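Shown next: upload-v2.txt, containing compact mmCIF, C-alpha atoms.
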# COMPACT_ATOMS: atom_id res chain seq x y z
CA THR Y 223 -26.56 34.53 -23.41
CA ALA Y 224 -25.69 32.93 -26.74
CA GLU Y 225 -22.02 33.12 -25.78
CA GLU Y 226 -22.68 31.24 -22.53
CA SER Y 227 -24.82 28.60 -24.24
CA SER Y 228 -22.13 27.95 -26.84
CA SER Y 229 -19.42 27.35 -24.21
CA SER Y 230 -21.37 25.20 -21.74
CA PRO Y 231 -21.60 22.04 -23.87
CA LEU Y 232 -17.85 22.16 -24.47
CA GLU Y 233 -17.20 22.39 -20.75
CA THR Y 234 -19.66 19.58 -20.11
CA ASP Y 235 -18.04 17.41 -22.77
CA ALA Y 236 -14.59 18.06 -21.32
CA THR Y 237 -15.80 17.10 -17.86
CA ALA Y 238 -17.47 13.96 -19.18
CA ALA Y 239 -14.32 12.99 -21.07
CA GLU Y 240 -12.23 13.47 -17.94
CA LEU Y 241 -14.60 11.27 -15.94
CA ASN Y 242 -14.50 8.57 -18.60
CA GLU Y 243 -10.71 8.68 -18.89
CA ASN Y 244 -10.02 8.47 -15.16
CA PRO Y 245 -10.47 4.84 -14.07
CA ARG Y 246 -10.84 5.95 -10.45
CA ASN Y 247 -14.25 7.40 -11.29
CA SER Y 248 -15.94 4.05 -11.93
CA GLY Y 249 -16.17 0.39 -11.05
CA LEU Y 250 -14.30 -1.32 -8.22
CA ALA Y 251 -11.73 1.48 -8.22
CA LEU Y 252 -14.41 3.99 -7.22
CA MET Y 253 -15.94 1.53 -4.73
CA LEU Y 254 -12.57 1.08 -3.00
CA ASP Y 255 -11.66 4.77 -2.94
CA ASP Y 256 -15.08 5.76 -1.58
CA GLY Y 257 -15.41 2.78 0.73
CA THR Y 258 -12.06 3.37 2.45
CA ARG Y 259 -12.24 7.15 2.77
CA LYS Y 260 -12.83 7.07 6.54
CA SER Y 261 -10.02 4.55 7.03
CA HIS Y 262 -7.65 6.78 5.05
CA SER Y 263 -8.34 9.61 7.46
CA MET Y 264 -7.75 7.38 10.50
CA ALA Y 265 -4.46 6.11 9.09
CA GLU Y 266 -3.27 9.61 8.27
CA ASN Y 267 -4.09 10.85 11.77
CA THR Y 268 -2.38 8.03 13.66
CA ALA Y 269 0.12 9.43 16.16
CA PHE Y 270 3.08 7.62 14.66
CA VAL Y 271 2.39 9.01 11.19
CA SER Y 272 1.89 12.58 12.41
CA GLY Y 273 5.05 12.20 14.48
CA PHE Y 274 6.88 10.75 11.52
CA PHE Y 275 6.00 13.74 9.33
CA LYS Y 276 7.14 16.13 12.06
CA GLY Y 277 10.54 14.49 11.86
CA ILE Y 278 10.52 13.14 15.43
CA ALA Y 279 10.63 9.40 14.66
CA THR Y 280 13.69 7.60 16.02
CA GLN Y 281 15.84 5.24 13.98
CA SER Y 282 14.79 2.44 16.32
CA ALA Y 283 11.10 3.12 15.70
CA PHE Y 284 11.65 3.35 11.97
CA ALA Y 285 13.63 0.09 11.92
CA ASN Y 286 10.77 -1.58 13.79
CA LEU Y 287 8.26 -0.29 11.23
CA VAL Y 288 10.33 -1.53 8.30
CA THR Y 289 10.77 -4.88 10.03
CA SER Y 290 7.01 -5.29 10.41
CA LEU Y 291 6.56 -4.37 6.76
CA TYR Y 292 9.13 -6.99 5.78
CA PHE Y 293 7.08 -9.75 7.43
CA VAL Y 294 3.84 -8.41 5.90
CA TYR Y 295 5.22 -8.19 2.38
CA GLN Y 296 6.97 -11.53 2.65
CA ALA Y 297 3.59 -13.10 3.47
CA MET Y 298 1.78 -11.15 0.74
CA GLU Y 299 4.23 -11.90 -2.02
CA THR Y 300 4.58 -15.55 -1.06
CA GLU Y 301 0.81 -15.89 -1.44
CA PHE Y 302 0.87 -14.01 -4.75
CA ASP Y 303 3.48 -16.49 -6.01
CA ASN Y 304 1.31 -19.40 -4.88
CA ALA Y 305 -1.99 -17.92 -6.08
CA SER Y 306 -3.98 -19.49 -8.88
CA ASP Y 307 -6.72 -16.83 -8.78
CA ALA Y 308 -6.61 -14.96 -12.11
CA SER Y 309 -7.73 -11.65 -10.58
CA VAL Y 310 -4.86 -11.62 -8.09
CA LYS Y 311 -2.38 -12.54 -10.82
CA ASP Y 312 -3.65 -9.74 -13.09
CA LEU Y 313 -2.79 -7.09 -10.47
CA ASP Y 314 0.55 -8.59 -9.38
CA TYR Y 315 3.27 -6.54 -11.09
CA THR Y 316 6.94 -7.29 -10.56
CA GLU Y 317 7.58 -3.53 -10.43
CA LEU Y 318 5.53 -3.38 -7.23
CA ARG Y 319 7.23 -6.22 -5.37
CA ARG Y 320 8.81 -4.96 -2.15
CA VAL Y 321 10.57 -7.93 -0.54
CA PRO Y 322 13.94 -7.46 -2.32
CA SER Y 323 14.03 -3.78 -1.26
CA LEU Y 324 13.00 -4.65 2.30
CA GLU Y 325 15.77 -7.25 2.48
CA ASN Y 326 18.24 -4.47 1.64
CA ASP Y 327 16.77 -2.35 4.43
CA MET Y 328 16.96 -5.24 6.89
CA GLU Y 329 20.66 -5.67 6.15
CA PHE Y 330 21.23 -1.95 6.63
CA PHE Y 331 19.57 -1.88 10.06
CA TYR Y 332 20.64 -5.28 11.41
CA GLY Y 333 23.69 -6.41 9.44
CA PRO Y 334 24.29 -9.50 7.30
CA ASP Y 335 22.82 -11.86 9.91
CA TRP Y 336 19.54 -9.92 9.97
CA LYS Y 337 17.31 -12.97 9.49
CA ASN Y 338 18.34 -14.21 12.92
CA ALA Y 339 17.93 -10.77 14.50
CA ILE Y 340 14.27 -10.05 13.77
CA THR Y 341 10.95 -11.44 14.98
CA PRO Y 342 7.40 -10.32 14.15
CA THR Y 343 5.40 -8.35 16.71
CA LEU Y 344 1.94 -9.43 17.87
CA ALA Y 345 0.22 -7.00 15.49
CA THR Y 346 2.42 -8.20 12.64
CA LYS Y 347 1.62 -11.85 13.38
CA LYS Y 348 -2.09 -11.01 13.29
CA TYR Y 349 -1.67 -9.24 9.94
CA VAL Y 350 0.33 -12.12 8.43
CA SER Y 351 -2.22 -14.65 9.69
CA ARG Y 352 -5.02 -12.76 7.94
CA ILE Y 353 -3.11 -12.78 4.64
CA GLN Y 354 -2.53 -16.52 4.90
CA ASP Y 355 -6.13 -17.26 5.91
CA ILE Y 356 -7.77 -15.46 3.00
CA ALA Y 357 -5.23 -16.82 0.52
CA ALA Y 358 -6.46 -20.30 1.47
CA THR Y 359 -10.19 -19.53 1.60
CA GLN Y 360 -11.06 -16.37 -0.40
CA PRO Y 361 -8.01 -15.50 -2.53
CA GLU Y 362 -9.78 -12.65 -4.36
CA LEU Y 363 -9.65 -10.72 -1.09
CA LEU Y 364 -5.89 -10.43 -1.59
CA ILE Y 365 -6.81 -7.67 -4.07
CA ALA Y 366 -7.68 -5.50 -1.06
CA HIS Y 367 -4.16 -6.00 0.26
CA GLN Y 368 -2.64 -5.15 -3.12
CA TYR Y 369 -4.76 -2.00 -3.30
CA THR Y 370 -4.15 -0.80 0.23
CA ARG Y 371 -0.45 -1.45 0.54
CA TYR Y 372 1.00 -1.05 -2.95
CA LEU Y 373 -1.01 2.00 -3.99
CA GLY Y 374 -0.41 3.61 -0.61
CA ASP Y 375 3.31 2.99 -1.04
CA LEU Y 376 3.24 4.52 -4.52
CA PHE Y 377 1.17 7.56 -3.50
CA GLY Y 378 3.12 8.41 -0.35
CA GLY Y 379 6.32 6.41 -0.43
CA GLN Y 380 8.62 8.96 -2.03
CA MET Y 381 7.61 11.63 0.47
CA MET Y 382 7.86 9.31 3.48
CA GLY Y 383 11.21 7.92 2.36
CA GLY Y 384 12.56 11.44 1.94
CA MET Y 385 11.25 12.47 5.35
CA ALA Y 386 12.82 9.41 6.98
CA SER Y 387 16.20 10.07 5.36
CA LYS Y 388 16.14 13.71 6.44
CA SER Y 389 14.92 13.23 10.01
CA LEU Y 390 17.20 10.25 10.70
CA GLY Y 391 20.26 11.68 8.96
CA LEU Y 392 20.44 8.84 6.44
CA GLU Y 393 21.96 8.96 3.00
CA PRO Y 394 19.34 8.58 0.23
CA GLY Y 395 18.35 4.92 -0.02
CA GLN Y 396 20.00 3.87 3.24
CA GLY Y 397 17.34 1.94 5.14
CA THR Y 398 14.64 3.41 2.88
CA SER Y 399 14.91 1.18 -0.21
CA PHE Y 400 11.34 0.07 0.52
CA TYR Y 401 10.02 3.49 -0.52
CA ARG Y 402 11.85 3.54 -3.88
CA PHE Y 403 10.13 2.21 -7.00
CA ASP Y 404 13.01 2.50 -9.44
CA ASP Y 405 11.27 0.40 -12.12
CA ILE Y 406 8.23 2.70 -12.25
CA LYS Y 407 9.15 5.82 -14.20
CA ASP Y 408 5.69 7.43 -14.37
CA THR Y 409 3.79 6.86 -11.14
CA LYS Y 410 0.50 8.42 -12.25
CA SER Y 411 0.40 6.47 -15.49
CA PHE Y 412 1.21 3.23 -13.68
CA ILE Y 413 -1.51 3.80 -11.07
CA ASP Y 414 -4.07 4.62 -13.77
CA THR Y 415 -3.19 1.39 -15.58
CA TRP Y 416 -3.49 -0.57 -12.33
CA TYR Y 417 -6.92 0.93 -11.63
CA SER Y 418 -8.04 0.21 -15.20
CA ASN Y 419 -7.05 -3.42 -14.85
CA LEU Y 420 -8.78 -3.55 -11.46
CA ASN Y 421 -12.02 -2.43 -13.10
CA LYS Y 422 -11.74 -5.12 -15.79
CA LEU Y 423 -11.67 -8.03 -13.32
CA ASP Y 424 -14.45 -10.59 -13.59
CA LEU Y 425 -15.87 -10.33 -10.07
CA SER Y 426 -19.40 -10.59 -8.72
CA ALA Y 427 -21.06 -7.73 -6.86
CA GLU Y 428 -20.71 -9.73 -3.64
CA GLN Y 429 -16.99 -10.26 -4.21
CA LYS Y 430 -16.46 -6.55 -4.87
CA GLU Y 431 -18.27 -5.62 -1.66
CA ALA Y 432 -16.18 -8.15 0.26
CA ILE Y 433 -12.98 -6.66 -1.18
CA VAL Y 434 -14.01 -3.19 0.07
CA VAL Y 435 -14.71 -4.62 3.54
CA GLU Y 436 -11.32 -6.36 3.48
CA ALA Y 437 -9.57 -3.13 2.44
CA ASN Y 438 -10.91 -1.43 5.56
CA LEU Y 439 -9.65 -4.36 7.63
CA VAL Y 440 -6.23 -3.94 6.03
CA PHE Y 441 -6.19 -0.29 7.12
CA ALA Y 442 -7.04 -1.41 10.65
CA LEU Y 443 -4.24 -3.99 10.61
CA ASN Y 444 -1.78 -1.30 9.51
CA ILE Y 445 -2.98 1.06 12.22
CA ASP Y 446 -2.40 -1.71 14.77
CA ILE Y 447 1.23 -1.92 13.65
CA LEU Y 448 1.64 1.86 13.85
CA GLU Y 449 0.04 2.05 17.29
CA GLU Y 450 2.35 -0.71 18.49
CA LEU Y 451 5.27 1.46 17.43
CA GLU Y 452 3.85 4.48 19.22
CA GLY Y 453 4.54 2.93 22.59
CA SER Y 454 8.31 3.26 22.28
CA PRO Y 455 8.91 6.69 20.73
CA PHE Y 456 5.86 8.59 21.93
CA LYS Y 457 4.83 7.31 25.37
Could I get this file's structure written as C-alpha cells?
Amino acid sequence: TAEESSSSPLETDATAAELNENPRNSGLALMLDDGTRKSHSMAENTAFVSGFFKGIATQSAFANLVTSLYFVYQAMETEFDNASDASVKDLDYTELRRVPSLENDMEFFYGPDWKNAITPTLATKKYVSRIQDIAATQPELLIAHQYTRYLGDLFGGQMMGGMASKSLGLEPGQGTSFYRFDDIKDTKSFIDTWYSNLNKLDLSAEQKEAIVVEANLVFALNIDILEELEGSPFK
C-alpha cells in the first residue's frame, strides 16, 4: 500500500544509519568480532567459567586466576610501554591499564610480601612468552591481545567481579579491583571509541588477517589458564 511504501524508506534509512554509526559493523572491528565468534563460545563454555558463574569457585582458585592475570598483564603492559608501533600506541589507553589494580588484588590475597609469594604457572609462562615474542617480531599483533583481554574485561568484568564478591563473601573491591574500571564512566561509549580507532589504523589486509588469527590464539591461551585452574576446584 501507499502507507507501507512511505514508511519503508524511513526504516531502511534508520537501519543504514545505525550500521554506519556502529563501528563494530565494519573494518577490522567486524573482522575480529566475526573471526573470533567460535572462540568466544569455547571460552564461555569452559568448565571454570560455568562453575564461576554458578558461584562454586573457591577463593584459592580465584586467587590463582588473578595471579595468572597479573603476570599476563604485566607482560602486556610492559610491551605497550616499550612499543614504538603507532597502531599499538593508538589503542593503549591509561584507563584500560590493569597492573595497578592487579597489584592491589595480589596484596589482598597474599599480603605485603606478595611478590615473593607468587610464581607463574606453565600455561601463564606460555602466554607471557607469546606476548614477548610478537612484541619483538610482529608488534602489530599486540592489537589482538588488547582486543581480546581489555574488551573482554570491559564487557564482562563488572558481572564477574560482582559474582566473585558474592560467591566468595568478599566486600566490594576486595580481591576484585581488576574488574573495576573506575576511570571509564560510560563503558559503551568508550568501547565504541576504541572500535572506531581500531578501524582507522593503517594496516595491510595481511596484517589484519594475522591479527584475527592471533586473537583466536589469545582465546586459546586464556582457555589454557582456565583449564589449568579446573584441576584444583573441579576434579
Give one line per residue of stretch 320-389 of chain Y that approaches stretch 416-430 of chain Y to at most 9 Å, naming the two atoms of the closest pair and their distance in Å to one decimal, counting all atoms listed in the file; sort by chain then ascending residue number and deliver it as CSV.
residue,atom,partner,partner_atom,distance
Y:Glu362,CA,Y:Gln429,CA,7.6
Y:Leu363,CA,Y:Gln429,CA,8.0
Y:Ile365,CA,Y:Leu420,CA,8.7
- request: Measuring atom to atom with only C-alpha atoms, identify which of Y:Glu325, Y:Ser306, Y:Thr409, Y:Asp414 is nearest to Y:Gly397.
  value: Y:Glu325
Residue contacts of Y:Leu390 (7 Å, all atoms listed in the file) excluding same-chain residues fewer than 4 positions away, as a PDB file with C-alpha atoms, keeping the file's coordinate frame:
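And here's around-v4.pdb as it stands now:
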ATOM      1  CA  THR Y 280      13.690   7.600  16.020  1.00  0.00           C
ATOM      2  CA  GLN Y 281      15.840   5.240  13.980  1.00  0.00           C
ATOM      3  CA  ALA Y 386      12.820   9.410   6.980  1.00  0.00           C
TER       4      ALA Y 386
END
Point-to-point distance from atom CA of Y:Glu431 to atom CA of Y:Arg371, Å rounded to tenths: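 Between atom CA of Y:Glu431 and atom CA of Y:Arg371 the gap works out to 18.4 Å.
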Build an axis-aligned box that encloses every atom of stretch 325-335 of chain Y listed in the file, pad it by 6 Å on each side, and report its centre and edge lengths in Å to one decimal, as JSON.
{"center_x": 20.0, "center_y": -6.9, "center_z": 6.5, "size_x": 20.5, "size_y": 22.0, "size_z": 21.8}
field: Selected residue, from Y:Ala432, Y:Asn438, Y:Ile445, Y:Phe284, that lies nearest to Y:Met382 when counting all atoms listed in the file
entry: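 Residue with the minimum atom-to-atom distance to Y:Met382: Y:Phe284.
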statement: Nearest to Y:Tyr401, restricted to all atoms listed in the file and choosing among Y:Asn286, Y:Gln368, Y:Met253, Y:Ser323, comes out as Y:Ser323
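Pairwise distance (atom CA of Y:Tyr292, atom CA of Y:Tyr372) equals 13.3 Å.
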- prompt: What separation in Å, quoted to one decimal, exists between atom CA of Y:Gly333 and atom CA of Y:Asp375?
  reply: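 Atom CA of Y:Asp375 lies 24.8 Å from atom CA of Y:Gly333.
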Residues of stretch 306-377 of chain Y that have any atom at most 8 Å from an atom of stretch 293-297 of chain Y: could you tabulate them with the shortest-distance atom pair and the distance in Å to one decimal, using only C-alpha atoms, ordered by chain and increasing number, as CSV?
residue,atom,partner,partner_atom,distance
Y:Arg320,CA,Y:Tyr295,CA,6.6
Y:Val321,CA,Y:Gln296,CA,6.0
Y:Pro342,CA,Y:Phe293,CA,6.8
Y:Thr346,CA,Y:Val294,CA,6.9
Y:Tyr349,CA,Y:Val294,CA,6.9
Y:Val350,CA,Y:Val294,CA,5.7
Y:Ile353,CA,Y:Ala297,CA,6.8
Y:Gln354,CA,Y:Ala297,CA,7.2
Counting all atoms listed in the file, the option among Y:Thr359, Y:Ala308, Y:Asp327, Y:Lys407 closest to Y:Leu392: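 Of Y:Thr359, Y:Ala308, Y:Asp327, Y:Lys407, the one nearest Y:Leu392, counting all atoms listed in the file, is Y:Asp327.
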field: Nearby residues (all atoms listed in the file) at most 12 Å from Y:Arg259, same-chain spacing under 3 positions excluded, as JSON, numbers by chain
entry: {"Y": [252, 253, 254, 255, 256, 262, 263, 264, 265, 266, 370, 434, 437, 438, 441]}
task: For each of Y:Asn304, Y:Ser282, Y:Ser399, Y:Ser351, take the minimum atom-to-atom distance to Y:Asn326, counting only C-alpha atoms, then give the residue where this is smallest.
output: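 Smallest separation from Y:Asn326 among the options: Y:Ser399.
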Quick one: residues within 12 Å of Y:Ile340, all atoms listed in the file counted, chain neighbours fewer than 2 positions away excluded, as a tab-separated table (two decimals) with C-alpha atoms, in the frame of the given file?
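This is the output file out.tsv:
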chain	number	residue	atom	x	y	z
Y	285	ALA	CA	13.63	0.09	11.92
Y	286	ASN	CA	10.77	-1.58	13.79
Y	287	LEU	CA	8.26	-0.29	11.23
Y	288	VAL	CA	10.33	-1.53	8.30
Y	289	THR	CA	10.77	-4.88	10.03
Y	290	SER	CA	7.01	-5.29	10.41
Y	291	LEU	CA	6.56	-4.37	6.76
Y	292	TYR	CA	9.13	-6.99	5.78
Y	293	PHE	CA	7.08	-9.75	7.43
Y	325	GLU	CA	15.77	-7.25	2.48
Y	328	MET	CA	16.96	-5.24	6.89
Y	329	GLU	CA	20.66	-5.67	6.15
Y	331	PHE	CA	19.57	-1.88	10.06
Y	332	TYR	CA	20.64	-5.28	11.41
Y	333	GLY	CA	23.69	-6.41	9.44
Y	334	PRO	CA	24.29	-9.50	7.30
Y	335	ASP	CA	22.82	-11.86	9.91
Y	336	TRP	CA	19.54	-9.92	9.97
Y	337	LYS	CA	17.31	-12.97	9.49
Y	338	ASN	CA	18.34	-14.21	12.92
Y	342	PRO	CA	7.40	-10.32	14.15
Y	343	THR	CA	5.40	-8.35	16.71
message: I'd like the contact shell of Y:Lys410 - 12 Å cut-off, all atoms listed in the file, skipping same-chain residues fewer than 4 positions apart - returned as a list in words.
response: Asn244, Pro245, Arg246, Leu373, Leu376, Phe377, Ile406, Asp414, Thr415, Trp416 and Tyr417 of chain Y
Kindly complete stretch 383-394 of chain Y to all heavy atoms; the output should be written as a compact mmCIF listing (two decimals), in the coordinates of the input.
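And here's selection_18.txt as it stands now:
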# COMPACT_ATOMS: atom_id res chain seq x y z
N GLY Y 383 9.81 8.31 2.41
CA GLY Y 383 11.21 7.92 2.36
C GLY Y 383 12.13 9.12 2.50
O GLY Y 383 13.14 9.07 3.21
N GLY Y 384 11.77 10.21 1.84
CA GLY Y 384 12.56 11.44 1.94
C GLY Y 384 12.54 12.01 3.35
O GLY Y 384 13.58 12.46 3.87
N MET Y 385 11.37 11.98 3.98
CA MET Y 385 11.25 12.47 5.35
C MET Y 385 12.09 11.62 6.30
O MET Y 385 12.76 12.14 7.20
CB MET Y 385 9.79 12.45 5.79
CG MET Y 385 8.93 13.51 5.15
SD MET Y 385 9.31 15.17 5.78
CE MET Y 385 8.61 15.05 7.43
N ALA Y 386 12.05 10.31 6.12
CA ALA Y 386 12.82 9.41 6.98
C ALA Y 386 14.31 9.69 6.83
O ALA Y 386 15.04 9.79 7.83
CB ALA Y 386 12.51 7.95 6.65
N SER Y 387 14.78 9.80 5.60
CA SER Y 387 16.20 10.07 5.36
C SER Y 387 16.63 11.37 6.02
O SER Y 387 17.68 11.43 6.67
CB SER Y 387 16.48 10.13 3.85
OG SER Y 387 16.24 8.89 3.23
N LYS Y 388 15.79 12.39 5.89
CA LYS Y 388 16.14 13.71 6.44
C LYS Y 388 16.12 13.70 7.96
O LYS Y 388 17.06 14.16 8.61
CB LYS Y 388 15.16 14.76 5.91
CG LYS Y 388 15.49 16.19 6.35
CD LYS Y 388 14.53 17.18 5.73
CE LYS Y 388 14.86 18.60 6.18
NZ LYS Y 388 13.93 19.60 5.57
N SER Y 389 15.05 13.16 8.56
CA SER Y 389 14.92 13.23 10.01
C SER Y 389 15.89 12.30 10.73
O SER Y 389 16.28 12.56 11.87
CB SER Y 389 13.48 12.90 10.43
OG SER Y 389 13.16 11.57 10.10
N LEU Y 390 16.30 11.22 10.06
CA LEU Y 390 17.20 10.25 10.70
C LEU Y 390 18.65 10.44 10.26
O LEU Y 390 19.53 9.72 10.71
CB LEU Y 390 16.75 8.82 10.38
CG LEU Y 390 15.33 8.47 10.82
CD1 LEU Y 390 14.95 7.07 10.35
CD2 LEU Y 390 15.18 8.57 12.34
N GLY Y 391 18.90 11.41 9.39
CA GLY Y 391 20.26 11.68 8.96
C GLY Y 391 20.84 10.57 8.10
O GLY Y 391 22.04 10.29 8.17
N LEU Y 392 19.99 9.94 7.28
CA LEU Y 392 20.44 8.84 6.44
C LEU Y 392 20.75 9.33 5.03
O LEU Y 392 20.13 10.26 4.54
CB LEU Y 392 19.36 7.75 6.36
CG LEU Y 392 18.90 7.12 7.67
CD1 LEU Y 392 17.70 6.22 7.43
CD2 LEU Y 392 20.04 6.33 8.31
N GLU Y 393 21.71 8.69 4.41
CA GLU Y 393 21.96 8.96 3.00
C GLU Y 393 20.78 8.43 2.19
O GLU Y 393 20.14 7.46 2.59
CB GLU Y 393 23.25 8.27 2.54
CG GLU Y 393 24.52 8.85 3.15
CD GLU Y 393 24.76 10.29 2.74
OE1 GLU Y 393 24.52 10.61 1.56
OE2 GLU Y 393 25.18 11.09 3.59
N PRO Y 394 20.46 9.05 1.05
CA PRO Y 394 19.34 8.58 0.23
C PRO Y 394 19.45 7.08 -0.07
O PRO Y 394 20.49 6.61 -0.53
CB PRO Y 394 19.47 9.42 -1.05
CG PRO Y 394 20.14 10.67 -0.60
CD PRO Y 394 21.10 10.25 0.48
